[in-house]
>>> print(open('model.txt').read())   # compact mmCIF, C-alpha atoms
# COMPACT_ATOMS: atom_id res chain seq x y z
CA GLY W 30 27.86 29.33 -87.14
CA GLU W 31 30.44 27.58 -85.04
CA CYS W 32 28.47 24.36 -84.67
CA SER W 33 31.66 22.44 -83.92
CA ILE W 34 31.98 24.10 -80.52
CA CYS W 35 29.16 21.86 -79.31
CA HIS W 36 29.03 19.14 -81.99
CA ASP W 37 31.91 17.05 -83.28
CA PRO W 38 31.48 16.93 -87.07
CA HIS W 39 32.92 13.42 -87.32
CA GLY W 40 31.68 11.52 -84.34
CA SER W 41 31.42 11.44 -80.57
CA SER W 42 30.93 9.05 -77.70
CA HIS W 43 28.03 11.26 -76.63
CA ARG W 44 24.59 11.56 -78.16
CA ALA W 45 24.01 14.19 -80.88
CA ASN W 46 27.77 14.19 -81.52
CA LEU W 47 28.22 16.50 -78.54
CA THR W 48 31.80 17.44 -77.70
CA ALA W 49 31.29 17.06 -73.95
CA TRP W 50 28.91 15.39 -71.50
CA PRO W 51 26.96 15.92 -69.30
CA VAL W 52 25.31 19.06 -70.68
CA LYS W 53 26.53 21.24 -67.82
CA LYS W 54 30.11 20.39 -68.77
CA LEU W 55 29.37 21.30 -72.38
CA CYS W 56 27.78 24.64 -71.45
CA ALA W 57 30.66 25.44 -69.09
CA LYS W 58 33.04 25.49 -72.05
CA CYS W 59 31.71 28.97 -72.86
CA HIS W 60 29.62 29.90 -69.83
CA PRO W 61 31.78 29.85 -66.65
CA ARG W 62 30.29 27.94 -63.75
CA GLU W 63 28.75 30.28 -61.21
CA ALA W 64 30.17 30.22 -57.69
CA ASP W 65 28.38 28.18 -55.05
CA GLY W 66 25.75 30.04 -53.08
CA LYS W 67 23.39 29.53 -50.17
CA SER W 68 20.57 28.48 -52.49
CA SER W 69 20.50 27.08 -56.01
CA HIS W 70 17.93 26.22 -58.66
CA ASP W 71 17.63 22.42 -58.99
CA PRO W 72 17.78 22.31 -62.81
CA PHE W 73 20.96 24.40 -62.70
CA ASP W 74 22.53 22.24 -60.01
CA GLU W 75 21.70 19.10 -61.95
CA GLY W 76 23.07 20.49 -65.23
CA ARG W 77 19.67 20.53 -66.94
CA CYS W 78 20.39 23.80 -68.75
CA ALA W 79 18.25 22.74 -71.71
CA ASP W 80 15.16 22.58 -69.48
CA CYS W 81 15.05 26.37 -69.59
CA HIS W 82 17.31 27.31 -72.51
CA ASP W 83 17.06 26.28 -76.14
CA PRO W 84 20.60 25.43 -77.27
CA HIS W 85 20.07 26.69 -80.83
CA ALA W 86 17.60 29.59 -81.12
CA SER W 87 14.72 31.25 -79.34
CA ASP W 88 12.33 34.18 -79.51
CA HIS W 89 13.06 34.94 -75.85
CA PRO W 90 16.37 36.17 -74.41
CA PRO W 91 18.59 34.61 -73.17
CA LEU W 92 17.56 31.70 -75.40
CA LEU W 93 14.71 30.85 -73.02
CA ARG W 94 12.30 28.20 -74.23
CA ALA W 95 9.32 30.43 -73.37
CA SER W 96 8.54 33.76 -71.78
CA ARG W 97 9.80 34.04 -68.21
CA LYS W 98 6.27 33.82 -66.82
CA ALA W 99 5.39 30.75 -68.88
CA LEU W 100 8.75 29.12 -68.24
CA CYS W 101 8.64 29.42 -64.45
CA SER W 102 5.03 28.27 -64.44
CA ARG W 103 6.01 24.94 -65.93
CA CYS W 104 7.36 23.88 -62.53
CA HIS W 105 6.15 26.59 -60.14
CA SER W 106 2.38 26.96 -60.23
CA ALA W 107 1.79 30.63 -60.94
CA ALA W 108 -1.94 30.13 -60.46
CA LYS W 109 -1.39 29.02 -56.87
CA LEU W 110 1.22 31.68 -56.10
CA VAL W 111 -1.07 34.55 -57.10
CA ALA W 112 -4.46 32.97 -56.40
CA ASP W 113 -5.37 35.44 -53.64
CA PRO W 114 -7.05 38.75 -54.56
CA TYR W 115 -4.21 41.08 -53.52
CA LYS W 116 -1.21 40.39 -55.72
CA HIS W 117 2.39 41.57 -55.74
CA GLN W 118 2.73 43.23 -59.14
CA PRO W 119 5.96 41.50 -60.25
CA ALA W 120 4.45 38.12 -59.34
CA GLU W 121 1.22 38.91 -61.17
CA ARG W 122 3.15 39.96 -64.28
CA GLY W 123 5.34 36.87 -64.10
CA GLU W 124 8.49 38.89 -63.48
CA CYS W 125 9.97 36.30 -61.14
CA SER W 126 13.52 37.43 -61.90
CA ALA W 127 12.79 40.84 -60.38
CA CYS W 128 13.25 39.17 -56.98
CA HIS W 129 14.82 35.79 -57.73
CA LEU W 130 18.01 34.79 -59.52
CA PRO W 131 17.57 31.92 -61.97
CA HIS W 132 20.71 29.94 -61.11
CA ARG W 133 22.32 30.54 -57.72
CA SER W 134 22.19 33.06 -54.92
CA ASP W 135 24.01 33.91 -51.72
CA PHE W 136 20.59 34.25 -50.09
CA GLU W 137 17.71 31.89 -49.39
CA HIS W 138 15.00 31.27 -52.00
CA LEU W 139 17.39 32.46 -54.74
CA LEU W 140 16.72 36.06 -53.72
CA ARG W 141 18.73 38.76 -55.45
CA ARG W 142 19.38 40.60 -52.19
CA PRO W 143 18.75 39.85 -48.52
CA GLY W 144 15.62 40.76 -46.57
CA GLN W 145 14.51 44.37 -46.63
CA ALA W 146 17.28 45.37 -49.06
CA LEU W 147 15.41 43.52 -51.82
CA CYS W 148 12.08 45.22 -51.13
CA VAL W 149 13.34 48.79 -50.82
CA GLY W 150 14.94 48.39 -54.24
CA CYS W 151 11.45 49.02 -55.64
CA HIS W 152 9.55 50.40 -52.66
CA THR W 153 11.64 53.53 -52.31
CA ASP W 154 8.91 55.69 -50.74
CA LYS W 155 8.55 53.55 -47.63
CA PRO W 156 9.48 52.28 -45.21
CA ASN W 157 11.82 55.09 -44.21
CA LEU W 158 14.43 52.91 -42.55
CA LYS W 159 16.60 55.87 -41.60
CA LYS W 160 14.31 56.93 -38.77
CA LYS W 161 15.47 56.60 -35.17
CA PHE W 162 13.41 53.56 -34.22
CA LEU W 163 13.04 50.59 -36.55
CA HIS W 164 10.39 47.88 -36.21
CA ALA W 165 12.32 44.82 -35.02
CA ALA W 166 10.57 42.62 -37.58
CA LEU W 167 12.15 44.68 -40.36
CA GLU W 168 15.64 43.88 -39.15
CA LYS W 169 15.14 40.42 -40.62
CA SER W 170 12.76 40.68 -43.54
CA CYS W 171 9.58 42.30 -44.77
CA VAL W 172 7.97 38.87 -45.31
CA GLY W 173 7.37 38.53 -41.58
CA CYS W 174 4.35 40.77 -42.14
CA HIS W 175 3.85 40.82 -45.93
CA ALA W 176 3.25 37.93 -48.31
CA PRO W 177 5.74 38.10 -51.19
CA HIS W 178 3.39 36.86 -53.93
CA ALA W 179 -0.26 37.34 -53.01
CA SER W 180 -2.52 37.69 -49.99
CA LYS W 181 -6.14 37.74 -48.92
CA ASN W 182 -5.47 41.03 -47.12
CA PRO W 183 -4.77 44.59 -48.32
CA LYS W 184 -1.11 45.65 -48.50
CA LEU W 185 -0.24 41.97 -48.89
CA LEU W 186 -0.43 41.50 -45.12
CA ALA W 187 0.12 37.89 -44.10
CA THR W 188 -2.92 38.01 -41.78
CA LYS W 189 -5.32 40.70 -40.62
CA THR W 190 -4.41 43.10 -37.83
CA PRO W 191 -4.35 42.96 -34.86
CA GLY W 192 -3.79 39.20 -35.22
CA LEU W 193 -0.70 39.90 -37.30
CA CYS W 194 0.74 42.12 -34.57
CA TYR W 195 -0.06 39.55 -31.90
CA SER W 196 2.06 36.98 -33.70
CA CYS W 197 5.00 38.79 -32.06
CA HIS W 198 3.54 41.23 -29.54
CA ALA W 199 1.61 40.27 -26.39
CA ARG W 200 -2.14 40.68 -26.65
CA GLN W 201 -3.46 44.04 -25.53
CA ASP W 202 -7.20 43.43 -25.85
CA THR W 203 -7.90 41.26 -22.82
CA ASP W 204 -9.02 44.05 -20.46
CA PRO W 205 -12.72 44.78 -19.88
CA VAL W 206 -12.38 48.16 -21.59
CA VAL W 207 -10.44 48.18 -24.87
CA HIS W 208 -9.45 51.16 -26.99
CA SER W 209 -11.81 51.22 -29.98
CA ALA W 210 -8.91 51.57 -32.44
CA LEU W 211 -7.48 48.34 -31.08
CA LYS W 212 -10.86 46.61 -31.30
CA LEU W 213 -10.98 47.52 -34.98
CA GLY W 214 -7.45 46.26 -35.55
CA ARG W 215 -6.11 49.69 -36.41
CA CYS W 216 -2.76 49.41 -34.68
CA SER W 217 -1.18 51.45 -37.45
CA GLY W 218 -3.42 54.39 -36.59
CA CYS W 219 -1.09 55.12 -33.68
CA HIS W 220 2.02 53.11 -34.52
CA ASP W 221 4.03 53.26 -37.71
CA PRO W 222 4.53 49.62 -38.73
CA HIS W 223 7.94 50.29 -40.24
CA ALA W 224 9.93 53.00 -38.48
CA ALA W 225 9.45 56.21 -36.49
CA ASN W 226 11.39 58.91 -34.70
CA GLN W 227 9.42 58.29 -31.51
CA LYS W 228 9.59 55.43 -29.04
CA ASN W 229 7.03 52.66 -29.44
CA LEU W 230 6.93 53.63 -33.13
CA LEU W 231 4.38 56.35 -32.40
CA ARG W 232 3.47 58.35 -35.47
CA THR W 233 3.76 61.74 -33.74
CA GLY W 234 6.13 63.32 -31.23
CA MET W 235 3.77 63.66 -28.27
CA ILE W 236 1.26 60.98 -27.42
CA GLY W 237 -1.43 63.64 -27.26
CA ASP W 238 -0.83 64.54 -30.90
CA THR W 239 -1.43 60.88 -31.74
CA CYS W 240 -4.65 60.85 -29.70
CA PHE W 241 -5.98 64.00 -31.34
CA ASN W 242 -5.64 62.44 -34.76
CA CYS W 243 -8.94 60.73 -33.90
CA HIS W 244 -10.23 62.40 -30.73
CA CYS W 245 -11.54 65.94 -31.10
CA ASP W 246 -9.26 68.43 -29.32
CA ASP W 247 -11.76 70.54 -27.42
CA VAL W 248 -9.67 70.77 -24.25
CA THR W 249 -6.15 72.12 -24.82
CA GLN W 250 -7.29 75.66 -25.69
CA ARG W 251 -9.61 76.19 -22.76
CA VAL W 252 -8.93 79.08 -20.38
CA SER W 253 -7.99 76.55 -17.72
CA SER W 254 -6.55 73.20 -18.78
CA HIS W 255 -5.27 70.32 -16.68
CA TRP W 256 -1.47 70.35 -17.03
CA PRO W 257 -1.23 66.80 -18.51
CA VAL W 258 -3.78 67.89 -21.12
CA LYS W 259 -1.86 71.05 -21.89
CA GLY W 260 1.33 69.01 -22.17
CA LEU W 261 -0.33 66.40 -24.41
CA LEU W 262 0.43 63.69 -21.83
CA CYS W 263 -2.81 61.75 -22.21
CA ASP W 264 -1.18 58.51 -21.05
CA ARG W 265 -0.65 59.93 -17.56
CA CYS W 266 -4.32 59.23 -16.93
CA HIS W 267 -5.47 56.96 -19.79
CA ALA W 268 -4.12 53.56 -20.83
CA PRO W 269 -3.58 53.54 -24.60
CA HIS W 270 -4.69 49.94 -25.20
CA GLY W 271 -6.96 48.62 -22.47
CA SER W 272 -7.98 49.01 -18.86
CA ALA W 273 -10.21 47.54 -16.19
CA ARG W 274 -11.73 51.00 -15.64
CA PRO W 275 -14.07 53.29 -17.59
CA GLN W 276 -12.46 55.84 -19.95
CA LEU W 277 -9.36 53.62 -20.00
CA LEU W 278 -8.19 55.17 -16.72
CA VAL W 279 -4.90 53.79 -15.45
CA VAL W 280 -6.07 53.62 -11.80
CA ASP W 281 -9.33 54.30 -9.98
CA ARG W 282 -10.30 57.75 -8.85
CA PRO W 283 -9.47 59.46 -6.51
CA LYS W 284 -6.17 57.54 -6.42
CA LEU W 285 -5.52 58.64 -9.98
CA CYS W 286 -5.67 62.30 -9.00
CA GLN W 287 -3.74 61.71 -5.79
CA GLN W 288 -0.77 60.35 -7.72
CA CYS W 289 0.09 63.94 -8.58
CA HIS W 290 -2.03 66.06 -6.25
CA GLY W 291 -1.47 64.17 -3.03
CA ASP W 292 -4.41 63.95 -0.63
CA GLY W 293 -5.84 67.32 -1.58
CA PRO W 294 -5.10 71.03 -2.09
CA GLN W 295 -2.74 71.00 0.89
CA ASN W 296 -0.34 68.82 -1.19
CA PRO W 297 -0.53 70.29 -4.69
CA VAL W 298 1.67 69.64 -7.67
CA PRO W 299 4.73 71.95 -7.50
CA GLY W 300 3.82 75.21 -9.18
CA PHE W 301 0.11 74.39 -9.08
CA LYS W 302 -2.05 77.24 -7.86
CA VAL W 303 -5.31 76.52 -6.12
>>> encode(input="model.txt", output="structure tokens")
Amino acid sequence: GECSICHDPHGSSHRANLTAWPVKKLCAKCHPREADGKSSHDPFDEGRCADCHDPHASDHPPLLRASRKALCSRCHSAAKLVADPYKHQPAERGECSACHLPHRSDFEHLLRRPGQALCVGCHTDKPNLKKKFLHAALEKSCVGCHAPHASKNPKLLATKTPGLCYSCHARQDTDPVVHSALKLGRCSGCHDPHAANQKNLLRTGMIGDTCFNCHCDDVTQRVSSHWPVKGLLCDRCHAPHGSARPQLLVVDRPKLCQQCHGDGPQNPVPGFKV
């Protein structure tokens, strides 16, 4: 071996007869210094290469002093990071380098890629970010809603819904009558949390299609159907989140009917036959 690359065989002004000091200067003789980035690992910045790498030999590439999981855990408490019951699989397996670079990064927290670009590298099935409407939270990062290591909630949600949604969106459950789906925190029953082709991130094209995912459709195929029902325009009469009126009506009757029908049959909806 070429021991003399690192050790002077005769003598040195540095300990262990090293040919350069500090250690980062010695390592840089063969390993070019990485360019500055937005974030950096403290041991790397301080030239403590030997904290993680054995300078002579190792059972773990690239000359790591221990397995990646065990090595990172020496400083970063793995037990705390994945203490909650729902765990991100790479974090649980100790594959920290799947998301983080070990030395320097152009992105915060030593991430390999920014925001959502990092997550969709593995989560290729969803979210479908090519849809027409994208959840604004996703424009920054997935971690606004999901914990990156572990969580007390399914799908690694940072908090339970609807509380999670209310961290950005105005509360919708303050009316006397509240949609049962909202009471149960099932915002995603109607809204796709990632992206959709419909406004308001609705899961289906017409709001009525969304409603009939839960509500039995026993009205649209009747011999005579109210035109908003036939057109799947449930929100013309019903508020989707909450209301001060029974059945989530948007205004009191008969004013609700008069919005379209006027004061009676003498002022019908255009095309409406009495």
>>> closest_atom_pairs(input="model.txt", of="stretch 124-193 of chain W", to="stretch 206-223 of chain W", cutoff="8 Å", atoms="only C-alpha atoms", output="CSV")
residue,atom,partner,partner_atom,distance
W:Pro156,CA,W:His223,CA,5.6
W:Asn157,CA,W:His223,CA,7.3
W:Leu158,CA,W:His223,CA,7.4
W:Leu163,CA,W:His223,CA,6.3
W:His164,CA,W:His223,CA,5.3
W:Leu167,CA,W:His223,CA,7.0
W:Lys189,CA,W:Gly214,CA,7.8
W:Thr190,CA,W:Gly214,CA,4.9
W:Pro191,CA,W:Gly214,CA,4.6
W:Gly192,CA,W:Gly214,CA,8.0
>>> axis_aligned_box(input="model.txt", around="stretch 144-163 of chain W", padding_each_side="5 Å", output="JSON")
{"center_x": 12.9, "center_y": 48.8, "center_z": -44.9, "size_x": 18.7, "size_y": 26.2, "size_z": 31.4}
>>> atom_distance(input="model.txt", atom1="atom CA of W:Ala176", atom2="atom CA of W:Ala224")
19.2 Å
>>> closest_atom_pairs(input="model.txt", of="stretch 30-111 of chain W", to="stretch 124-133 of chain W", cutoff="9 Å", atoms="all atoms listed in the file", output="tab-separated table")
residue	atom	partner	partner_atom	distance
W:Glu63	CA	W:Arg133	CA	7.3
W:Ala64	CA	W:Arg133	CA	7.9
W:Asp65	CA	W:Arg133	CA	7.0
W:Gly66	CA	W:Arg133	CA	5.8
W:Lys67	CA	W:Arg133	CA	7.7
W:Ser68	CA	W:Arg133	CA	5.9
W:Ser69	CA	W:Arg133	CA	4.3
W:His70	CA	W:His132	CA	5.3
W:Asp71	CA	W:His132	CA	8.4
W:Pro72	CA	W:His132	CA	8.3
W:Phe73	CA	W:His132	CA	5.8
W:Asp74	CA	W:His132	CA	8.0
W:Arg97	CA	W:Glu124	CA	6.9
W:Lys98	CA	W:Glu124	CA	6.5
W:Cys101	CA	W:Cys125	CA	7.7
>>> residues_around(input="model.txt", residues="W:Gln118", least_positions_apart="2", cutoff="12 Å", atoms="all atoms listed in the file", output="number ranges by chain")
W: 111, 114-116, 120-125, 127-128, 151-152, 177-180, 184-185
>>> atom_distance(input="model.txt", atom1="atom CA of W:Leu140", atom2="atom CA of W:Ser170")
11.9 Å
>>> residues_around(input="model.txt", residues="stretch 31-45 of chain W", least_positions_apart="6", cutoff="10 Å", atoms="all atoms listed in the file", output="ChimeraX atom specification")
/W:51-52,55-56,58-59,84-85
>>> atom_distance(input="model.txt", atom1="atom CA of W:Leu139", atom2="atom CA of W:Lys160")
29.4 Å
>>> closest_residue(input="model.txt", among="W:Arg77, W:His117, W:Lys181, W:Arg274", to="W:Pro205", atoms="all atoms listed in the file")
W:Arg274
>>> closest_residue(input="model.txt", among="W:Arg141, W:Lys161, W:His60, W:Lys53", to="W:Leu231", atoms="all atoms listed in the file")
W:Lys161
>>> residues_around(input="model.txt", residues="stretch 244-251 of chain W", least_positions_apart="5", cutoff="12 Å", atoms="all atoms listed in the file", output="list in words")
His208, Ser209, Ala210, Gly237, Asp238, Thr239, Trp256, Pro257, Val258, Lys259, Gly260, Leu261, Leu262 and Cys263 of chain W
>>> residues_around(input="model.txt", residues="stretch 80-82 of chain W", least_positions_apart="5", cutoff="8 Å", atoms="all atoms listed in the file", output="JSON, numbers by chain")
{"W": [72, 91, 92, 93, 94, 95, 100]}
>>> decode(input="model.txt", residues="stretch 105-132 of chain W", atoms="N, CA, C and O atoms", output="short mmCIF file (atom, residue, chain, number, x, y, z; two decimals), in the first residue's frame")
data_model
loop_
_atom_site.label_atom_id
_atom_site.label_comp_id
_atom_site.auth_asym_id
_atom_site.auth_seq_id
_atom_site.Cartn_x
_atom_site.Cartn_y
_atom_site.Cartn_z
N HIS W 105 -27.22 11.47 16.00
CA HIS W 105 -28.65 11.74 15.79
C HIS W 105 -29.44 10.58 16.37
O HIS W 105 -29.35 9.46 15.87
N SER W 106 -30.21 10.82 17.38
CA SER W 106 -30.93 9.76 18.08
C SER W 106 -31.99 9.14 17.19
O SER W 106 -33.07 9.70 16.98
N ALA W 107 -31.68 7.96 16.66
CA ALA W 107 -32.63 7.26 15.81
C ALA W 107 -33.88 6.87 16.59
O ALA W 107 -34.99 6.88 16.07
N ALA W 108 -33.69 6.55 17.87
CA ALA W 108 -34.83 6.14 18.69
C ALA W 108 -35.86 7.26 18.79
O ALA W 108 -37.07 7.02 18.75
N LYS W 109 -35.38 8.50 18.92
CA LYS W 109 -36.30 9.63 19.00
C LYS W 109 -36.94 9.94 17.65
O LYS W 109 -38.12 10.27 17.56
N LEU W 110 -36.14 9.83 16.59
CA LEU W 110 -36.63 10.18 15.25
C LEU W 110 -37.77 9.26 14.81
O LEU W 110 -38.69 9.69 14.12
N VAL W 111 -37.71 7.99 15.19
CA VAL W 111 -38.73 7.04 14.74
C VAL W 111 -39.47 6.44 15.93
O VAL W 111 -39.90 5.29 15.90
N ALA W 112 -39.66 7.23 16.97
CA ALA W 112 -40.33 6.74 18.18
C ALA W 112 -41.83 6.56 17.97
O ALA W 112 -42.44 5.70 18.61
N ASP W 113 -42.43 7.36 17.08
CA ASP W 113 -43.88 7.28 16.88
C ASP W 113 -44.25 6.03 16.08
O ASP W 113 -43.42 5.47 15.36
N PRO W 114 -45.51 5.58 16.20
CA PRO W 114 -45.90 4.28 15.62
C PRO W 114 -45.87 4.20 14.09
O PRO W 114 -45.61 3.13 13.54
N TYR W 115 -46.13 5.31 13.42
CA TYR W 115 -46.11 5.29 11.95
C TYR W 115 -44.77 5.84 11.48
O TYR W 115 -44.43 7.00 11.72
N LYS W 116 -44.00 4.98 10.82
CA LYS W 116 -42.62 5.32 10.50
C LYS W 116 -42.38 5.38 8.99
O LYS W 116 -42.92 4.56 8.24
N HIS W 117 -41.59 6.35 8.58
CA HIS W 117 -41.13 6.42 7.19
C HIS W 117 -40.14 5.27 7.00
O HIS W 117 -39.18 5.14 7.75
N GLN W 118 -40.35 4.45 6.00
CA GLN W 118 -39.55 3.23 5.86
C GLN W 118 -38.04 3.48 5.78
O GLN W 118 -37.26 2.78 6.44
N PRO W 119 -37.56 4.45 4.99
CA PRO W 119 -36.11 4.68 4.98
C PRO W 119 -35.57 5.05 6.36
O PRO W 119 -34.48 4.60 6.74
N ALA W 120 -36.33 5.84 7.11
CA ALA W 120 -35.88 6.24 8.45
C ALA W 120 -35.86 5.03 9.38
O ALA W 120 -34.94 4.85 10.18
N GLU W 121 -36.88 4.18 9.27
CA GLU W 121 -36.94 2.99 10.13
C GLU W 121 -35.78 2.04 9.83
O GLU W 121 -35.22 1.41 10.73
N ARG W 122 -35.42 1.94 8.54
CA ARG W 122 -34.32 1.04 8.16
C ARG W 122 -32.94 1.67 8.35
O ARG W 122 -31.92 1.03 8.14
N GLY W 123 -32.92 2.94 8.73
CA GLY W 123 -31.65 3.61 8.93
C GLY W 123 -30.99 4.05 7.64
O GLY W 123 -29.78 4.29 7.61
N GLU W 124 -31.79 4.18 6.58
CA GLU W 124 -31.25 4.60 5.29
C GLU W 124 -31.32 6.12 5.17
O GLU W 124 -31.99 6.68 4.29
N CYS W 125 -30.61 6.79 6.06
CA CYS W 125 -30.64 8.26 6.11
C CYS W 125 -30.20 8.88 4.79
O CYS W 125 -30.72 9.92 4.37
N SER W 126 -29.23 8.23 4.14
CA SER W 126 -28.68 8.79 2.90
C SER W 126 -29.64 8.69 1.72
O SER W 126 -29.35 9.20 0.64
N ALA W 127 -30.78 8.04 1.90
CA ALA W 127 -31.79 8.03 0.84
C ALA W 127 -32.35 9.43 0.63
O ALA W 127 -32.73 9.80 -0.49
N CYS W 128 -32.37 10.23 1.70
CA CYS W 128 -32.91 11.59 1.62
C CYS W 128 -31.84 12.66 1.87
O CYS W 128 -31.96 13.77 1.35
N HIS W 129 -30.84 12.32 2.66
CA HIS W 129 -29.83 13.30 3.07
C HIS W 129 -28.46 12.99 2.49
O HIS W 129 -28.06 11.82 2.44
N LEU W 130 -27.75 14.02 2.09
CA LEU W 130 -26.34 13.88 1.70
C LEU W 130 -25.46 13.92 2.95
O LEU W 130 -25.79 14.63 3.91
N PRO W 131 -24.37 13.21 2.96
CA PRO W 131 -23.57 13.15 4.19
C PRO W 131 -22.63 14.34 4.41
O PRO W 131 -22.18 14.56 5.53
N HIS W 132 -22.33 15.09 3.35
CA HIS W 132 -21.34 16.16 3.49
C HIS W 132 -21.95 17.55 3.33
O HIS W 132 -22.04 18.30 4.27
#
